[in-house]
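work.cif follows (mmCIF, C-alpha atoms):
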data_input
loop_
_atom_site.label_atom_id
_atom_site.label_comp_id
_atom_site.auth_asym_id
_atom_site.auth_seq_id
_atom_site.Cartn_x
_atom_site.Cartn_y
_atom_site.Cartn_z
CA MET A 1496 0.00 0.00 0.00
CA VAL A 1497 1.28 3.46 -0.88
CA THR A 1498 -0.25 6.73 0.28
CA ARG A 1499 -0.47 8.84 -2.88
CA GLY A 1500 1.07 12.25 -2.42
CA PHE A 1501 2.98 11.41 0.76
CA THR A 1502 6.74 11.80 0.51
CA GLY A 1503 7.89 12.26 4.10
CA ARG A 1504 11.01 13.80 5.51
CA PRO A 1505 14.51 13.11 4.22
CA ARG A 1506 15.40 9.57 5.24
CA ARG A 1507 17.62 9.08 8.26
CA THR A 1508 20.74 7.04 7.90
CA GLU A 1509 22.26 7.28 11.38
CA GLY A 1510 21.45 5.21 14.48
CA PRO A 1511 18.58 2.83 15.09
CA VAL A 1512 15.17 4.28 15.80
CA PRO A 1513 12.44 1.83 16.84
CA PRO A 1514 9.74 1.01 14.27
CA GLY A 1515 6.88 3.48 14.04
CA GLN A 1516 8.83 6.25 15.78
CA PHE A 1517 9.84 9.67 14.48
CA VAL A 1518 12.74 11.68 15.81
CA THR A 1519 11.99 15.00 17.45
CA SER A 1520 14.24 17.63 18.96
CA ASP A 1521 11.35 18.82 21.15
CA PHE A 1522 10.54 17.22 24.46
CA PRO A 1523 6.77 16.72 24.36
CA VAL A 1524 4.91 16.27 27.64
CA LEU A 1525 2.56 13.34 28.12
CA THR A 1526 0.95 12.86 31.48
CA ALA A 1527 -2.38 11.32 32.38
CA GLY A 1528 -3.24 13.98 34.92
CA PRO A 1529 -2.06 17.39 36.02
CA THR A 1530 1.61 18.13 36.63
CA GLN A 1531 2.66 17.51 40.21
CA HIS A 1532 4.71 20.19 41.91
CA VAL A 1533 6.82 18.51 44.57
CA PRO A 1534 9.68 20.52 46.09
CA ALA A 1535 12.95 18.56 46.28
CA ARG A 1536 13.17 19.20 50.02
CA ALA A 1537 9.77 17.54 50.56
CA TRP A 1538 10.28 14.67 48.10
CA GLU A 1539 10.48 11.10 49.43
CA LEU A 1540 10.85 7.68 47.87
CA VAL A 1541 9.67 4.55 49.67
CA VAL A 1542 11.25 1.29 48.52
CA THR A 1543 9.60 -1.83 49.92
CA ASP A 1544 8.98 -5.53 49.50
CA GLY A 1545 6.09 -5.42 51.98
CA ILE A 1546 8.30 -6.31 54.93
CA THR A 1547 11.59 -4.50 54.53
CA GLU A 1548 11.11 -0.82 53.74
CA LYS A 1549 13.45 2.12 53.35
CA THR A 1550 12.62 5.76 52.72
CA TYR A 1551 14.91 8.07 50.77
CA ALA A 1552 15.03 11.84 50.72
CA TRP A 1553 16.88 14.04 48.21
CA ALA A 1554 20.19 13.88 50.17
CA SER A 1555 20.10 10.20 51.14
CA LEU A 1556 19.35 9.25 47.54
CA HIS A 1557 22.32 11.29 46.29
CA ASP A 1558 24.52 9.57 48.91
CA LEU A 1559 24.16 6.35 46.90
CA GLY A 1560 26.15 7.91 44.07
CA VAL A 1561 24.92 9.86 41.05
CA VAL A 1562 26.01 8.79 37.57
CA ASP A 1563 25.55 10.33 34.11
CA LEU A 1564 23.65 8.59 31.33
CA THR A 1565 23.29 9.56 27.67
CA THR A 1566 20.45 7.68 26.04
CA ASP A 1567 17.61 7.75 23.51
CA ILE A 1568 14.05 7.90 24.83
CA HIS A 1569 10.91 6.63 23.11
CA CYS A 1570 7.29 7.61 23.74
CA VAL A 1571 4.41 5.34 22.73
CA THR A 1572 2.83 8.34 20.97
CA HIS A 1573 5.51 7.82 18.30
CA TRP A 1574 8.22 10.34 19.12
CA SER A 1575 11.77 9.48 20.00
CA LYS A 1576 14.36 11.89 21.32
CA LEU A 1577 17.97 10.95 20.75
CA GLY A 1578 21.04 11.56 22.86
CA THR A 1579 19.39 12.95 25.98
CA THR A 1580 21.59 13.20 29.07
CA TRP A 1581 20.42 12.41 32.55
CA GLN A 1582 21.90 12.27 36.03
CA GLY A 1583 20.67 9.77 38.57
CA VAL A 1584 21.20 6.77 40.80
CA PRO A 1585 20.98 3.34 39.17
CA VAL A 1586 17.84 1.53 40.35
CA ALA A 1587 19.99 -1.52 41.08
CA ALA A 1588 21.95 0.53 43.65
CA VAL A 1589 18.73 1.74 45.29
CA LEU A 1590 17.19 -1.73 45.56
CA GLU A 1591 20.43 -3.16 46.90
CA ASP A 1592 20.82 -0.41 49.48
CA ALA A 1593 17.19 -0.78 50.56
CA GLY A 1594 17.78 -4.48 51.16
CA VAL A 1595 14.46 -5.55 49.69
CA ALA A 1596 13.84 -9.16 48.72
CA ASP A 1597 14.80 -10.46 45.27
CA GLU A 1598 11.35 -10.47 43.64
CA PRO A 1599 10.57 -10.56 39.89
CA TYR A 1600 8.03 -7.71 39.61
CA ALA A 1601 7.81 -4.09 40.67
CA LEU A 1602 4.94 -1.64 40.89
CA VAL A 1603 6.20 1.92 40.66
CA SER A 1604 4.08 4.79 41.98
CA SER A 1605 4.07 8.55 41.58
CA TYR A 1606 2.93 11.61 43.44
CA GLY A 1607 -0.56 12.20 42.04
CA GLY A 1608 -1.46 8.51 42.06
CA TYR A 1609 0.01 7.26 38.77
CA THR A 1610 1.32 3.68 38.77
CA THR A 1611 3.17 1.46 36.31
CA ASN A 1612 4.43 -2.11 36.52
CA VAL A 1613 7.98 -2.97 35.45
CA PRO A 1614 9.77 -6.32 35.64
CA VAL A 1615 12.62 -6.02 38.15
CA GLU A 1616 15.11 -7.26 35.55
CA ASP A 1617 14.24 -4.21 33.43
CA LEU A 1618 15.06 -2.06 36.45
CA VAL A 1619 18.40 -3.64 37.29
CA ASP A 1620 19.97 -5.24 34.20
CA ARG A 1621 20.30 -2.20 31.94
CA ASP A 1622 20.43 1.58 32.38
CA ALA A 1623 17.36 2.26 34.51
CA MET A 1624 17.94 5.03 37.03
CA VAL A 1625 16.21 7.12 39.65
CA ALA A 1626 16.84 10.36 37.77
CA VAL A 1627 17.56 13.62 39.58
CA GLY A 1628 18.88 15.73 36.70
CA TYR A 1629 18.29 16.39 33.00
CA GLU A 1630 20.86 17.94 30.67
CA GLY A 1631 22.93 19.07 33.65
CA GLY A 1632 20.14 20.89 35.49
CA PRO A 1633 17.10 19.98 37.56
CA ILE A 1634 14.34 17.99 35.88
CA PRO A 1635 11.46 20.40 35.10
CA ALA A 1636 8.24 19.56 36.95
CA GLU A 1637 6.33 18.82 33.73
CA HIS A 1638 8.96 16.24 32.87
CA GLY A 1639 8.69 14.56 36.27
CA GLY A 1640 11.05 16.50 38.49
CA PRO A 1641 12.42 16.69 41.05
CA VAL A 1642 12.87 12.91 40.78
CA ARG A 1643 11.55 10.51 38.15
CA LEU A 1644 12.20 6.96 37.13
CA LEU A 1645 14.00 6.52 33.79
CA VAL A 1646 13.84 3.14 32.03
CA PRO A 1647 15.13 4.24 28.64
CA HIS A 1648 14.85 0.89 26.85
CA LEU A 1649 11.07 0.76 27.44
CA TYR A 1650 8.35 3.18 26.26
CA LEU A 1651 8.43 6.28 28.40
CA TRP A 1652 5.16 5.65 30.26
CA LYS A 1653 7.19 3.12 32.29
CA SER A 1654 9.48 5.95 33.42
CA ALA A 1655 7.15 7.22 36.12
CA LYS A 1656 7.30 10.94 36.81
CA TRP A 1657 7.37 12.38 40.37
CA LEU A 1658 8.62 9.05 41.67
CA ARG A 1659 7.29 8.20 45.09
CA GLY A 1660 7.43 4.44 45.56
CA ILE A 1661 8.93 1.20 44.26
CA ARG A 1662 7.31 -1.96 45.56
CA VAL A 1663 8.83 -5.29 44.58
CA MET A 1664 6.46 -8.25 44.50
CA PRO A 1665 6.28 -11.95 43.66
CA GLU A 1666 3.28 -11.38 41.32
CA ASP A 1667 2.74 -8.83 38.56
CA GLU A 1668 0.17 -6.11 39.23
CA LEU A 1669 -0.90 -3.83 36.37
CA GLY A 1670 -0.44 -0.09 36.56
CA PHE A 1671 -2.46 2.82 35.15
CA TRP A 1672 -1.87 2.56 31.39
CA GLU A 1673 -1.41 -1.19 31.51
CA ASN A 1674 -4.95 -1.42 32.93
CA ALA A 1675 -6.12 0.89 30.13
CA GLY A 1676 -5.02 -1.49 27.41
CA TYR A 1677 -1.34 -0.74 26.96
CA HIS A 1678 1.30 -3.42 26.82
CA HIS A 1679 2.51 -4.94 30.08
CA ARG A 1680 6.20 -4.52 29.20
CA GLY A 1681 6.47 -1.89 26.45
CA ASP A 1682 9.63 -2.63 24.45
CA PRO A 1683 9.78 -0.01 21.66
CA PHE A 1684 12.00 -2.14 19.40
CA LEU A 1685 9.35 -4.88 19.51
CA GLU A 1686 6.59 -2.24 19.15
CA GLN A 1687 4.86 -3.49 22.28
CA ARG A 1688 2.44 -0.57 22.41
CA TYR A 1689 -0.88 -2.10 23.23
CA TYR A 1690 -2.14 -5.17 25.08
CA GLY A 1691 -1.57 -8.18 22.83
CA ASP A 1692 1.17 -6.60 20.65
CA MET B 885 -6.96 -8.98 35.65
CA PRO B 886 -7.62 -8.29 31.95
CA PRO B 887 -7.36 -4.70 30.77
CA ARG B 888 -10.58 -2.72 31.03
CA VAL B 889 -10.17 -1.34 27.55
CA ARG B 890 -8.81 -3.49 24.78
CA PRO B 891 -7.59 -1.55 21.81
CA VAL B 892 -8.61 -2.80 18.44
CA HIS B 893 -5.56 -4.46 17.04
CA GLY B 894 -3.47 -4.37 13.97
CA TRP B 895 -3.12 -1.94 11.12
CA ARG B 896 -6.09 -1.78 8.84
CA ALA B 897 -6.58 -0.20 5.46
CA ALA B 898 -8.46 3.08 5.30
CA THR B 899 -9.24 5.49 2.50
CA VAL B 900 -9.94 9.19 2.57
CA ALA B 901 -13.71 9.50 2.12
CA GLY B 902 -14.07 13.25 2.31
CA THR B 903 -12.31 16.36 3.49
CA ALA B 904 -13.57 19.64 4.88
CA ARG B 905 -11.57 22.82 5.40
CA GLU B 906 -12.16 23.89 9.01
CA SER B 907 -9.90 26.92 9.26
CA ALA B 908 -6.92 28.55 7.58
CA SER B 909 -4.72 25.77 8.92
CA ALA B 910 -6.96 22.83 9.75
CA ARG B 911 -8.93 20.23 7.89
CA THR B 912 -11.23 17.37 8.78
CA ILE B 913 -10.48 14.06 7.08
CA ARG B 914 -13.30 11.55 6.97
CA LEU B 915 -12.15 7.96 6.67
CA ALA B 916 -13.71 4.86 5.19
CA VAL B 917 -12.56 1.89 7.25
CA ALA B 918 -13.87 -1.57 6.52
CA GLY B 919 -15.20 -3.09 9.73
CA TRP B 920 -14.86 0.10 11.79
CA PRO B 921 -15.84 -1.13 15.27
CA GLY B 922 -17.11 2.19 16.61
CA HIS B 923 -15.42 4.20 19.30
CA VAL B 924 -15.83 6.04 22.59
CA ALA B 925 -15.85 9.86 22.58
CA GLY B 926 -12.35 11.16 23.21
CA GLN B 927 -10.43 8.18 21.78
CA HIS B 928 -7.73 8.50 19.15
CA ILE B 929 -6.34 6.52 16.24
CA ASP B 930 -2.82 6.01 14.97
CA VAL B 931 -2.42 6.95 11.31
CA ARG B 932 0.35 5.45 9.18
CA LEU B 933 1.39 6.84 5.81
CA THR B 934 3.63 5.00 3.35
CA ALA B 935 5.73 6.73 0.68
CA GLU B 936 6.60 5.24 -2.72
CA ASP B 937 9.94 3.93 -1.43
CA GLY B 938 8.32 2.20 1.54
CA TYR B 939 9.20 4.90 4.08
CA GLN B 940 6.49 5.13 6.72
CA ALA B 941 5.46 7.77 9.22
CA THR B 942 2.97 7.29 12.05
CA ARG B 943 1.20 9.84 14.24
CA SER B 944 -1.70 9.76 16.69
CA PHE B 945 -4.80 11.88 16.08
CA SER B 946 -7.90 12.35 18.20
CA LEU B 947 -11.17 11.37 16.57
CA SER B 948 -13.41 14.39 16.15
CA SER B 949 -16.39 12.24 15.16
CA ALA B 950 -18.98 11.39 17.77
CA PRO B 951 -19.73 7.72 18.42
CA GLY B 952 -22.05 6.56 15.66
CA GLU B 953 -20.61 8.93 13.07
CA ALA B 954 -18.16 7.81 10.40
CA PRO B 955 -14.62 8.07 11.78
CA GLN B 956 -12.92 11.40 11.16
CA ILE B 957 -9.91 13.27 12.42
CA THR B 958 -9.42 17.02 12.49
CA VAL B 959 -5.82 18.03 11.94
CA GLU B 960 -3.96 21.31 12.33
CA ARG B 961 -0.95 21.85 10.07
CA ALA B 962 2.37 21.95 11.90
CA ASP B 963 4.60 23.94 9.56
CA ASP B 964 7.64 21.80 10.32
CA GLY B 965 5.50 18.66 10.36
CA GLU B 966 5.67 15.64 8.14
CA VAL B 967 2.25 14.00 8.41
CA SER B 968 0.00 16.97 9.17
CA PRO B 969 0.92 18.96 5.99
CA TYR B 970 -0.03 15.92 3.90
CA LEU B 971 -3.35 15.54 5.71
CA VAL B 972 -4.21 19.25 5.64
CA ASP B 973 -2.99 20.15 2.14
CA VAL B 974 -2.54 17.05 0.02
CA ALA B 975 -4.91 14.22 0.97
CA THR B 976 -7.75 13.69 -1.50
CA ASP B 977 -10.71 11.36 -1.66
CA GLY B 978 -9.62 7.82 -2.35
CA ASP B 979 -6.07 8.15 -0.97
CA ALA B 980 -4.98 5.03 0.90
CA LEU B 981 -3.49 5.02 4.37
CA GLU B 982 -3.56 2.76 7.39
CA ILE B 983 -4.98 3.20 10.85
CA MET B 984 -4.84 1.40 14.18
CA GLY B 985 -7.46 1.80 16.81
CA PRO B 986 -9.56 3.32 18.18
CA VAL B 987 -7.37 3.46 21.29
CA GLY B 988 -7.43 5.22 24.64
CA GLY B 989 -9.37 4.66 27.83
CA TYR B 990 -8.53 7.74 29.87
CA PHE B 991 -9.42 10.92 28.00
CA VAL B 992 -12.88 9.59 27.19
CA TRP B 993 -16.50 10.25 28.01
CA ARG B 994 -19.09 7.49 28.22
CA PRO B 995 -22.85 7.59 28.70
CA GLY B 996 -23.51 7.16 32.40
CA ASP B 997 -20.78 9.63 33.34
CA ASP B 998 -23.57 12.05 34.11
CA VAL B 999 -21.87 14.93 35.89
CA PRO B 1000 -21.86 18.29 34.07
CA LEU B 1001 -18.85 18.74 31.82
CA LEU B 1002 -16.45 21.62 31.38
CA LEU B 1003 -14.38 21.33 28.21
CA VAL B 1004 -11.28 23.49 27.88
CA ALA B 1005 -9.63 23.40 24.46
CA GLY B 1006 -6.62 25.12 22.96
CA GLY B 1007 -6.07 25.16 19.18
CA SER B 1008 -6.70 21.79 17.56
CA GLY B 1009 -7.36 20.42 21.06
CA ILE B 1010 -10.94 21.12 20.03
CA ALA B 1011 -10.94 17.87 17.98
CA PRO B 1012 -11.76 15.33 20.72
CA MET B 1013 -14.02 17.92 22.38
CA ARG B 1014 -16.38 17.77 19.41
CA ALA B 1015 -16.74 14.02 19.95
CA ILE B 1016 -17.32 14.55 23.67
CA TRP B 1017 -19.81 17.42 23.42
CA ARG B 1018 -21.86 15.66 20.78
CA ALA B 1019 -21.95 12.40 22.74
CA ALA B 1020 -22.72 14.14 26.03
CA ARG B 1021 -25.43 16.39 24.59
CA ALA B 1022 -27.08 13.40 22.94
CA HIS B 1023 -27.44 11.94 26.45
CA GLY B 1024 -28.66 15.16 28.04
CA THR B 1025 -25.46 15.85 29.95
CA PRO B 1026 -24.83 19.61 30.40
CA VAL B 1027 -21.68 20.76 28.60
CA ARG B 1028 -19.86 24.06 28.71
CA LEU B 1029 -16.87 24.74 26.50
CA VAL B 1030 -14.17 27.35 26.54
CA TYR B 1031 -11.97 27.38 23.47
CA SER B 1032 -8.81 29.34 22.94
CA ALA B 1033 -7.52 30.01 19.42
CA ARG B 1034 -4.92 32.43 18.11
CA THR B 1035 -7.04 34.29 15.59
CA ALA B 1036 -10.60 34.15 14.27
CA ASP B 1037 -9.48 32.40 11.07
CA ARG B 1038 -7.94 29.61 13.16
CA VAL B 1039 -11.21 28.77 14.96
CA ILE B 1040 -12.28 25.21 14.11
CA PHE B 1041 -15.96 24.13 14.11
CA ALA B 1042 -17.01 27.79 14.41
CA ASP B 1043 -20.44 27.28 12.81
CA GLU B 1044 -21.17 24.16 14.77
CA LEU B 1045 -20.15 25.76 18.05
CA ARG B 1046 -22.62 28.57 17.46
CA GLY B 1047 -25.36 26.39 16.03
CA PRO B 1048 -28.34 24.94 17.88
CA ASP B 1049 -26.53 21.67 18.66
CA GLY B 1050 -23.38 23.29 19.97
CA PRO B 1051 -22.43 23.39 23.64
CA GLU B 1052 -22.67 26.53 25.72
CA SER B 1053 -19.41 28.00 24.55
CA THR B 1054 -17.00 30.87 24.83
CA ILE B 1055 -14.27 31.38 22.24
CA ARG B 1056 -11.21 33.40 23.18
CA LEU B 1057 -8.68 34.78 20.75
CA THR B 1058 -5.15 35.28 21.99
CA ARG B 1059 -3.62 37.20 19.05
CA GLU B 1060 -6.36 39.53 17.87
CA ARG B 1061 -9.58 41.24 18.84
CA ALA B 1062 -12.74 40.45 16.92
CA ALA B 1063 -16.47 40.92 17.44
CA GLY B 1064 -18.14 37.92 19.04
CA PHE B 1065 -14.98 36.66 20.66
CA GLU B 1066 -13.38 37.22 24.02
CA HIS B 1067 -9.80 38.38 24.00
CA GLY B 1068 -6.67 37.24 25.76
CA ARG B 1069 -5.20 34.11 27.22
CA LEU B 1070 -7.25 32.00 29.54
CA ARG B 1071 -6.15 33.01 33.02
CA ALA B 1072 -6.76 31.91 36.57
CA GLU B 1073 -9.69 34.28 37.14
CA GLN B 1074 -11.59 32.96 34.13
CA LEU B 1075 -10.89 29.37 35.09
CA SER B 1076 -12.10 30.04 38.60
CA ALA B 1077 -15.28 31.62 37.20
CA LEU B 1078 -15.84 28.57 35.01
CA LEU B 1079 -16.08 26.41 38.13
CA ARG B 1080 -18.71 28.81 39.50
CA PRO B 1081 -21.34 29.36 36.84
CA GLY B 1082 -23.73 32.06 38.05
CA GLY B 1083 -21.38 32.67 40.98
CA VAL B 1084 -22.18 29.31 42.59
CA ARG B 1085 -19.60 26.56 42.79
CA GLU B 1086 -20.72 23.65 40.64
CA PRO B 1087 -20.52 20.78 43.14
CA ARG B 1088 -20.20 17.95 40.65
CA LEU B 1089 -18.25 18.66 37.52
CA ARG B 1090 -15.69 16.96 35.36
CA ALA B 1091 -13.24 18.96 33.30
CA TYR B 1092 -11.46 17.85 30.13
CA VAL B 1093 -8.49 19.90 28.99
CA CYS B 1094 -6.81 19.34 25.63
CA GLY B 1095 -4.33 21.39 23.66
CA PRO B 1096 -0.65 22.22 23.35
CA THR B 1097 1.44 21.37 26.38
CA ALA B 1098 1.87 24.90 27.72
CA PHE B 1099 -1.86 25.56 27.39
CA VAL B 1100 -2.78 22.36 29.21
CA GLU B 1101 -0.25 23.00 31.96
CA GLU B 1102 -1.61 26.48 32.61
CA ALA B 1103 -5.27 25.49 32.42
CA ALA B 1104 -4.87 22.39 34.59
CA ARG B 1105 -2.91 24.31 37.17
CA GLY B 1106 -5.51 27.09 37.14
CA LEU B 1107 -8.45 24.72 37.57
CA ILE B 1108 -6.81 22.88 40.44
CA GLY B 1109 -5.76 26.16 42.01
CA ALA B 1110 -9.40 27.26 41.80
CA GLY B 1111 -10.47 24.19 43.74
CA LEU B 1112 -11.15 21.48 41.16
CA ASP B 1113 -10.41 18.02 42.53
CA ALA B 1114 -7.57 16.43 40.53
CA ASP B 1115 -9.67 13.27 40.12
CA SER B 1116 -12.24 15.34 38.24
CA LEU B 1117 -9.72 16.52 35.66
CA ARG B 1118 -8.71 14.70 32.47
CA THR B 1119 -5.92 16.14 30.37
CA GLU B 1120 -4.52 15.42 26.93
CA ARG B 1121 -1.44 17.22 25.64
CA PHE B 1122 0.19 17.30 22.29
CA GLY B 1123 3.63 18.50 21.11
#
As structure tokens, how would this structure be written, given the file I've shared?
Amino acid sequence: MVTRGFTGRPRRTEGPVPPGQFVTSDFPVLTAGPTQHVPARAWELVVTDGITEKTYAWASLHDLGVVDLTTDIHCVTHWSKLGTTWQGVPVAAVLEDAGVADEPYALVSSYGGYTTNVPVEDLVDRDAMVAVGYEGGPIPAEHGGPVRLLVPHLYLWKSAKWLRGIRVMPEDELGFWENAGYHHRGDPFLEQRYYGD
Amino acid sequence: MPPRVRPVHGWRAATVAGTARESASARTIRLAVAGWPGHVAGQHIDVRLTAEDGYQATRSFSLSSAPGEAPQITVERADDGEVSPYLVDVATDGDALEIMGPVGGYFVWRPGDDVPLLLVAGGSGIAPMRAIWRAARAHGTPVRLVYSARTADRVIFADELRGPDGPESTIRLTRERAAGFEHGRLRAEQLSALLRPGGVREPRLRAYVCGPTAFVEEAARGLIGAGLDADSLRTERFG
């Protein structure tokens, strides 16, 4: 099938972009509800397995060691942004420090009530971080600051904004968009957009 | 637990079945889709275009058709865009494209959601609002709409908004003054007044806000600042 009259932009030759995505230099905002405004001094993260629980504040999170990450990000609404730089603490370091049990699933929650489920291996095996900075400065509130999750190898709805909790669990429990028909894992290179993809 | 809303799966062939110029920069594209399953007001579709050499581009567009109407999208041209200029300026009856959907279970209105509605639209954010106001009015649900556009020639659905089947509406222009329109950006005092029609706080109300990111941020913040419960607010942002 060809769409008569459609030519499209000049074709890209560099780097891999997942199927169905277009590259943007903007940073669009997609959020289910209103932007949360949480001051860094009031922000807290609770990491728990239901028995062992540890709460982090801005300073105690930074004490775990902040690293830089340059990565591409991919939104299920078809835009990708290449070469973004972030500062944060690897999720693996947070879970290890919290001493929570080695469970296969996590339910991540946000200020404002948003939730998303992420397999723990997606949080610890690759580049996922508890992000505290974007492009060398604070993360703007509309992009999830002061602290958001960043799981760059999955669609961005997994990278919960205004991160408030990580609960590891033996069973999977669906989050907000996953309950609304989106894919349970969300790998952009496999185009896992919607339930059943 | 299975998902509450299952999107309709897979790409399916669609053809352009009609176009209508809505403003200087926007057009409605009616689509013929074999086996169109129907949709819920506020849902969107993904549209995929394929060039001669196989290059494809995909974007999401809100459906502006009410449930029961033939599927249509209403698109504003982004000057640096790739898909919207084709849809607004090039697409003609019979052109082939592909769609997936309808999708979306959050920015939607369903019969039975019987609280009065406040719709706040910026620019082409009016598209899903048409679906919502038509569906809600058909079920007797009160709807008020405030719509912000840059100039009078950028107002989409102007005739319908002012016609007998339109919602109670106010149109604001941000870049010019014109008779019949309010002037200036939508600010906190107007948003606060919208929650208090006739000076009395509407006790049960749901607000839908759709438009460009900065518009949605300001409107959502204003509504919540004026006392709207965050659970009563649905937002949809685009680029």
Could you expand the PyMOL selection byres ((chain B and resi 960-972) around 7) into the explicit residues it covers here, written as a short mmCIF file (atom, residue, chain, number, x, y, z; two decimals) with C-alpha atoms, in the frame of the given file?
data_model
loop_
_atom_site.label_atom_id
_atom_site.label_comp_id
_atom_site.auth_asym_id
_atom_site.auth_seq_id
_atom_site.Cartn_x
_atom_site.Cartn_y
_atom_site.Cartn_z
CA PHE A 1501 2.98 11.41 0.76
CA GLY A 1503 7.89 12.26 4.10
CA ARG A 1504 11.01 13.80 5.51
CA SER B 909 -4.72 25.77 8.92
CA ALA B 910 -6.96 22.83 9.75
CA ARG B 911 -8.93 20.23 7.89
CA THR B 958 -9.42 17.02 12.49
CA VAL B 959 -5.82 18.03 11.94
CA ASP B 973 -2.99 20.15 2.14
CA VAL B 974 -2.54 17.05 0.02
CA ALA B 975 -4.91 14.22 0.97
CA SER B 1008 -6.70 21.79 17.56
#
Any chance you could work out the residue set of the PyMOL selection byres ((chain B) within 9 of (chain A)) here, as a PyMOL selection string?
chain B and resi 885-891+893-894+897+930+932-944+965-967+970+974-976+979-982+987-991+1097+1100-1101+1104-1105+1108+1114-1115+1117-1123
With all atoms of range 1089-1100 of chain B from the file as input, state the centre and edge lengths in Å to one decimal of the axis-aligned box that has 4 Å extra on each side, as AutoDock Vina command-line options.
--center_x -8.2 --center_y 21.3 --center_z 30.4 --size_x 28.1 --size_y 16.6 --size_z 22.2
In Å, with one decimal, what is the gap from CA of Met984 in chain B to CA of Val924 in chain B?
14.6 Å
Spell out the residues picked by the PyMOL selection byres ((chain B and resi 1013) around 10) here, as a ChimeraX atom specification.
/B:925-926,946-950,992-993,1003-1005,1008-1012,1014-1019,1029,1031,1092-1094
Between CA of Gly1639 in chain A and CA of Glu1073 in chain B - distance in Å to one decimal:
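Going from CA of Glu1073 in chain B over to CA of Gly1639 in chain A, I get 27.0 Å.
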Of the candidates A:Ala1552, A:Ala1593, A:Ala1655, A:Val1562, which shows the shortest atom-to-atom distance to Tyr1609 in chain A, using only C-alpha atoms?
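When distances to Tyr1609 in chain A are compared using only C-alpha atoms, the smallest one comes from A:Ala1655.
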